$ cat model-v7.cif   # mmCIF, C-alpha atoms
data_query
loop_
_atom_site.label_atom_id
_atom_site.label_comp_id
_atom_site.auth_asym_id
_atom_site.auth_seq_id
_atom_site.Cartn_x
_atom_site.Cartn_y
_atom_site.Cartn_z
CA MET A 260 -20.30 -3.48 -5.00
CA GLU A 261 -18.96 -5.40 -2.08
CA VAL A 262 -15.67 -6.42 -3.60
CA ILE A 263 -14.89 -2.82 -4.50
CA ASP A 264 -15.81 -1.66 -1.02
CA ARG A 265 -13.59 -4.26 0.56
CA TYR A 266 -10.70 -3.41 -1.74
CA ILE A 267 -10.93 0.30 -1.03
CA TYR A 268 -11.26 -0.36 2.69
CA THR A 269 -8.08 -2.43 2.69
CA VAL A 270 -6.14 0.33 0.97
CA VAL A 271 -7.53 3.18 3.02
CA GLN A 272 -7.34 1.50 6.38
CA LYS A 273 -3.55 1.55 6.33
CA LEU A 274 -3.37 5.27 5.71
CA PRO A 275 -3.57 8.26 8.07
CA GLN A 276 -7.04 9.19 9.26
CA GLN A 277 -7.20 12.60 7.60
CA GLN A 278 -6.47 11.31 4.12
CA ARG A 279 -8.91 8.43 4.22
CA ALA A 280 -12.12 10.10 3.05
CA GLU A 281 -10.47 11.84 0.13
CA ILE A 282 -8.48 8.85 -1.06
CA GLU A 283 -11.59 6.74 -0.83
CA MET A 284 -13.44 9.21 -3.09
CA GLU A 285 -10.50 9.26 -5.46
CA LEU A 286 -10.31 5.47 -5.69
CA ARG A 287 -14.05 5.07 -6.21
CA GLY A 288 -13.89 7.56 -9.07
CA LEU A 289 -10.88 5.78 -10.54
CA ILE A 290 -12.47 2.34 -10.39
CA GLU A 291 -15.64 3.74 -11.94
CA ASP A 292 -13.64 5.36 -14.72
CA MET A 293 -11.73 2.15 -15.38
CA LEU A 294 -14.96 0.13 -15.43
CA GLU A 295 -16.64 2.57 -17.78
CA GLU A 296 -13.77 2.21 -20.19
CA ARG A 297 -14.26 -1.53 -20.32
CA VAL A 298 -18.03 -1.68 -20.16
CA HIS A 299 -19.59 0.98 -22.33
CA GLY A 300 -22.94 1.53 -20.78
CA GLY A 301 -22.36 1.17 -17.09
CA GLY A 302 -23.18 -1.72 -14.84
CA ASN A 303 -20.66 -3.69 -12.86
CA PRO A 304 -20.18 -7.11 -14.39
CA PRO A 305 -18.13 -9.12 -11.89
CA GLU A 306 -15.58 -10.18 -14.51
CA GLN A 307 -14.55 -6.63 -15.39
CA VAL A 308 -14.57 -5.58 -11.75
CA LYS A 309 -12.12 -8.37 -11.02
CA GLU A 310 -9.93 -7.29 -13.95
CA VAL A 311 -9.88 -3.71 -12.81
CA LEU A 312 -9.00 -4.57 -9.24
CA LEU A 313 -6.28 -6.96 -10.40
CA GLU A 314 -4.89 -4.19 -12.57
CA LEU A 315 -4.75 -1.88 -9.59
CA GLY A 316 -2.76 -4.51 -7.76
CA ASP A 317 -2.41 -5.61 -4.17
CA PRO A 318 -4.25 -3.06 -2.00
CA ARG A 319 -1.40 -3.07 0.49
CA ASP A 320 1.07 -2.11 -2.23
CA LEU A 321 -1.26 0.66 -3.36
CA ALA A 322 -1.44 1.91 0.22
CA ALA A 323 2.36 1.89 0.35
CA LYS A 324 2.50 4.04 -2.79
CA TYR A 325 0.06 6.52 -1.28
CA ARG A 326 2.01 6.54 1.96
CA GLY A 327 5.23 7.18 0.09
CA TYR A 328 7.30 4.65 1.97
CA GLN A 329 7.24 0.99 2.87
CA LYS A 330 6.73 -0.19 6.40
CA TYR A 331 9.37 -2.39 7.96
CA LEU A 332 10.04 -3.71 11.42
CA ILE A 333 13.73 -2.95 11.07
CA SER A 334 14.49 -0.43 8.32
CA PRO A 335 17.43 -0.85 5.95
CA GLU A 336 19.32 1.97 7.66
CA LEU A 337 19.07 0.32 11.04
CA PHE A 338 19.62 -3.23 9.90
CA TYR A 339 23.41 -3.52 10.31
CA PRO A 340 23.52 -1.85 13.73
CA TYR A 341 20.69 -4.20 14.70
CA ILE A 342 22.66 -7.27 13.64
CA SER A 343 25.78 -6.07 15.49
CA VAL A 344 23.84 -5.48 18.69
CA LEU A 345 22.11 -8.82 18.27
CA LYS A 346 25.45 -10.64 17.97
CA LEU A 347 26.79 -8.85 21.04
CA VAL A 348 23.74 -9.73 23.09
CA MET A 349 23.80 -13.38 21.98
CA PHE A 350 27.46 -13.61 22.89
CA ALA A 351 26.92 -12.06 26.32
CA LEU A 352 23.97 -14.38 26.95
CA PHE A 353 26.08 -17.36 25.96
CA ILE A 354 28.81 -16.37 28.43
CA ALA A 355 26.28 -15.77 31.20
CA ILE A 356 24.58 -19.12 30.69
CA THR A 357 27.91 -20.93 30.61
CA VAL A 358 29.00 -19.27 33.82
CA VAL A 359 25.73 -20.15 35.54
CA TYR A 360 26.01 -23.73 34.33
CA VAL A 361 29.58 -24.04 35.62
CA VAL A 362 28.68 -22.47 38.97
CA GLU A 363 25.65 -24.74 39.36
CA SER A 364 27.59 -27.90 38.68
CA ILE A 365 30.27 -27.17 41.25
CA MET B 18 17.70 -16.40 -22.55
CA SER B 19 14.74 -15.22 -20.50
CA ASP B 20 17.23 -13.71 -18.06
CA SER B 21 18.17 -10.98 -20.49
CA LYS B 22 14.51 -10.25 -21.16
CA GLU B 23 13.92 -9.78 -17.45
CA ILE B 24 16.96 -7.58 -17.09
CA ILE B 25 15.94 -5.48 -20.07
CA SER B 26 12.44 -5.14 -18.74
CA SER B 27 13.53 -4.09 -15.26
CA LEU B 28 16.11 -1.61 -16.56
CA THR B 29 13.59 -0.15 -18.97
CA ASN B 30 11.20 0.31 -16.07
CA GLU B 31 13.89 2.19 -14.19
CA LEU B 32 14.34 4.49 -17.17
CA ARG B 33 10.62 5.02 -17.35
CA ARG B 34 10.33 5.76 -13.67
CA GLY B 35 12.76 8.60 -14.02
CA THR B 36 10.79 10.28 -16.76
CA ILE B 37 7.25 9.92 -15.49
CA ILE B 38 7.30 13.12 -13.43
CA ILE B 39 8.35 15.34 -16.33
CA GLY B 40 5.85 13.57 -18.58
CA VAL B 41 3.05 14.17 -16.13
CA MET B 42 3.97 17.79 -15.48
CA SER B 43 4.08 18.47 -19.20
CA GLN B 44 0.35 17.82 -19.46
CA LEU B 45 -0.72 19.81 -16.43
CA SER B 46 -0.57 23.35 -17.76
CA GLU B 47 -4.30 22.74 -18.12
CA PRO B 48 -6.42 21.17 -15.38
CA GLN B 49 -6.61 17.41 -15.73
CA TYR B 50 -7.93 14.69 -13.53
CA GLY B 51 -6.10 11.45 -12.84
CA TYR B 52 -7.72 9.18 -15.35
CA SER B 53 -7.75 11.66 -18.21
CA LEU B 54 -4.03 12.02 -17.64
CA VAL B 55 -3.54 8.26 -17.87
CA THR B 56 -5.42 8.24 -21.19
CA ILE B 57 -3.54 11.20 -22.65
CA MET B 58 -0.16 9.73 -21.78
CA GLU B 59 -1.19 6.38 -23.18
CA THR B 60 -2.09 7.92 -26.52
CA LYS B 61 1.33 9.59 -26.56
CA GLY B 62 2.96 6.23 -25.96
CA ILE B 63 3.85 6.57 -22.27
CA ASP B 64 2.09 3.91 -20.24
CA VAL B 65 1.46 4.82 -16.64
CA GLU B 66 -0.53 2.72 -14.23
CA PRO B 67 -3.32 4.59 -12.46
CA GLY B 68 -2.10 3.03 -9.22
CA THR B 69 1.24 4.77 -9.75
CA LEU B 70 -0.10 8.03 -11.13
CA TYR B 71 -2.63 8.92 -8.44
CA PRO B 72 -0.21 8.73 -5.50
CA LEU B 73 2.38 10.55 -7.62
CA LEU B 74 -0.02 13.45 -8.18
CA ARG B 75 -0.60 13.65 -4.44
CA ARG B 76 3.10 13.76 -3.71
CA LEU B 77 3.67 16.50 -6.27
CA GLU B 78 0.86 18.48 -4.74
CA LYS B 79 2.37 18.01 -1.29
CA GLN B 80 5.65 19.37 -2.63
CA GLY B 81 3.80 22.46 -3.83
CA LEU B 82 4.24 21.74 -7.53
CA LEU B 83 0.57 21.15 -8.24
CA GLU B 84 -2.71 22.67 -7.16
CA SER B 85 -5.87 20.64 -6.91
CA LYS B 86 -9.58 21.28 -6.94
CA TRP B 87 -12.51 18.90 -6.54
CA ASP B 88 -15.10 19.31 -9.25
CA THR B 89 -18.41 18.33 -7.70
CA ASN B 90 -20.56 19.65 -10.52
CA GLU B 91 -20.66 16.50 -12.60
CA ALA B 92 -22.29 13.22 -11.65
CA ARG B 93 -18.94 11.92 -10.52
CA PRO B 94 -16.85 14.20 -8.30
CA ARG B 95 -13.35 14.44 -9.74
CA LYS B 96 -10.12 15.91 -8.46
CA TYR B 97 -8.47 18.17 -11.01
CA TYR B 98 -4.77 18.97 -10.83
CA LEU B 99 -2.96 21.94 -12.31
CA LEU B 100 0.65 23.15 -12.29
CA SER B 101 1.20 25.73 -9.55
CA PRO B 102 3.35 28.80 -10.29
CA LEU B 103 6.21 27.04 -8.49
CA GLY B 104 5.44 23.90 -10.48
CA GLN B 105 5.63 25.88 -13.70
CA LYS B 106 9.09 27.18 -12.81
CA VAL B 107 10.30 23.78 -11.70
CA TYR B 108 8.95 22.19 -14.86
CA GLU B 109 10.75 24.65 -17.11
CA GLN B 110 13.99 24.04 -15.23
CA LEU B 111 13.50 20.28 -15.42
CA CYS B 112 13.03 20.52 -19.18
CA LEU B 113 16.37 22.31 -19.48
CA GLU B 114 18.05 19.66 -17.35
CA TRP B 115 16.44 16.98 -19.45
CA LYS B 116 17.70 18.50 -22.69
CA LYS B 117 21.19 18.63 -21.22
CA MET B 118 20.97 14.99 -20.21
CA VAL B 119 19.67 13.89 -23.56
CA GLY B 120 22.47 15.75 -25.30
CA GLY B 121 25.07 14.20 -23.01
CA LEU B 122 23.70 10.70 -23.43
CA ALA B 123 23.40 11.07 -27.17
CA SER B 124 27.10 11.83 -27.47
CA LEU B 125 27.89 8.89 -25.16
CA ILE B 126 25.74 6.40 -27.00
CA ASP B 127 26.70 7.42 -30.50
CA LEU B 128 30.31 6.94 -29.63
#
$ encode --input "model-v7.cif" --output "structure tokens"
Amino acid sequence: MEVIDRYIYTVVQKLPQQQRAEIEMELRGLIEDMLEERVHGGGNPPEQVKEVLLELGDPRDLAAKYRGYQKYLISPELFYPYISVLKLVMFALFIAITVVYVVESI
Amino acid sequence: MSDSKEIISSLTNELRRGTIIIGVMSQLSEPQYGYSLVTIMETKGIDVEPGTLYPLLRRLEKQGLLESKWDTNEARPRKYYLLSPLGQKVYEQLCLEWKKMVGGLASLIDL
């Protein structure tokens, strides 16, 4: 089913190449198992498929769980050093611009 | 009013998160696949989401605590997990630690 394919693709795409095929197999099996539990007798009624995928949650969160860590631009460990450096740079820029302005207007 | 419900729910989840690994390992002395594990734990009263369990099993395998095998005989290929020898040792040790913790907490709470 297309929705399932798209869901699995979104999860798997954010993971390392080597793991992709296996995790895809795993997720397909899981979704099938979950569907079978709700629909005794097979078939993929769109309502149940939607329920199952909603239960699995945001595909990006699922990918994060498989990856084992969240992705950030600036990680918590580096955040405070980042802010300190940022303040320093802003201050230096401010001084430089002021100096240029003063020199220009003389 | 609803604040305390949220707090209770989030703290309970933290408690649960700490015990999932032992719970899962306790069922893996025999080969199980992801979804059967979810069902077994549900019947014992421990709800785990498949989306949490599957990555957890992978991590445990990566740590060397579990061994896995794909069963391609049935219509649906399934990945079966089993406690490795190291996993067995770790599990037994974890159970001892757990008993200690439970004992300690019991004396704290009952006071």
$ atom_distance --input "model-v7.cif" --atom1 "CA of Leu70 in chain B" --atom2 "CA of Tyr52 in chain B"
8.8 Å
$ resolve_selection --input "model-v7.cif" --expression "the PyMOL selection byres ((chain B) within 9 of (chain A))" --output "ChimeraX atom specification"
/B:51-52,66-69,71-73,75-76,93-96
$ write_last_selection --input "model-v7.cif" --atoms "C-alpha atoms" --output "PDB file, in the coordinates of the input"
ATOM      1  CA  GLY B  51      -6.100  11.450 -12.840  1.00  0.00           C
ATOM      2  CA  TYR B  52      -7.720   9.180 -15.350  1.00  0.00           C
ATOM      3  CA  GLU B  66      -0.530   2.720 -14.230  1.00  0.00           C
ATOM      4  CA  PRO B  67      -3.320   4.590 -12.460  1.00  0.00           C
ATOM      5  CA  GLY B  68      -2.100   3.030  -9.220  1.00  0.00           C
ATOM      6  CA  THR B  69       1.240   4.770  -9.750  1.00  0.00           C
ATOM      7  CA  TYR B  71      -2.630   8.920  -8.440  1.00  0.00           C
ATOM      8  CA  PRO B  72      -0.210   8.730  -5.500  1.00  0.00           C
ATOM      9  CA  LEU B  73       2.380  10.550  -7.620  1.00  0.00           C
ATOM     10  CA  ARG B  75      -0.600  13.650  -4.440  1.00  0.00           C
ATOM     11  CA  ARG B  76       3.100  13.760  -3.710  1.00  0.00           C
ATOM     12  CA  ARG B  93     -18.940  11.920 -10.520  1.00  0.00           C
ATOM     13  CA  PRO B  94     -16.850  14.200  -8.300  1.00  0.00           C
ATOM     14  CA  ARG B  95     -13.350  14.440  -9.740  1.00  0.00           C
ATOM     15  CA  LYS B  96     -10.120  15.910  -8.460  1.00  0.00           C
TER      16      LYS B  96
END
$ residues_near_point --input "model-v7.cif" --point "(13.7, 22.5, -20.0)" --cutoff "12 Å" --atoms "only C-alpha atoms" --output "ChimeraX atom specification"
/B:39-40,42-43,105-119
$ resolve_selection --input "model-v7.cif" --expression "the PyMOL selection byres ((chain B and resi 102) around 12)" --output "MDAnalysis selection string"
chainID B and resid 45:46 78 81:84 99:101 103:109
$ atom_distance --input "model-v7.cif" --atom1 "CA of Val262 in chain A" --atom2 "CA of Asn303 in chain A"
10.9 Å
$ resolve_selection --input "model-v7.cif" --expression "the PyMOL selection byres ((chain B and resi 98) around 6)" --output "list of chain:residue names"
B:Pro48, B:Gln49, B:Tyr50, B:Glu84, B:Ser85, B:Tyr97, B:Leu99
$ atom_distance --input "model-v7.cif" --atom1 "CA of Leu294 in chain A" --atom2 "CA of Gln277 in chain A"
27.3 Å
$ residues_near_point --input "model-v7.cif" --point "(-25.7, -3.7, -5.9)" --cutoff "12 Å" --atoms "all atoms listed in the file" --output "MDAnalysis selection string"
chainID A and resid 260:264 302:305
$ closest_residue --input "model-v7.cif" --among "A:Glu296, A:Val308, A:Met349, A:Ile356" --to "Ser53 in chain B" --atoms "all atoms listed in the file"
A:Glu296
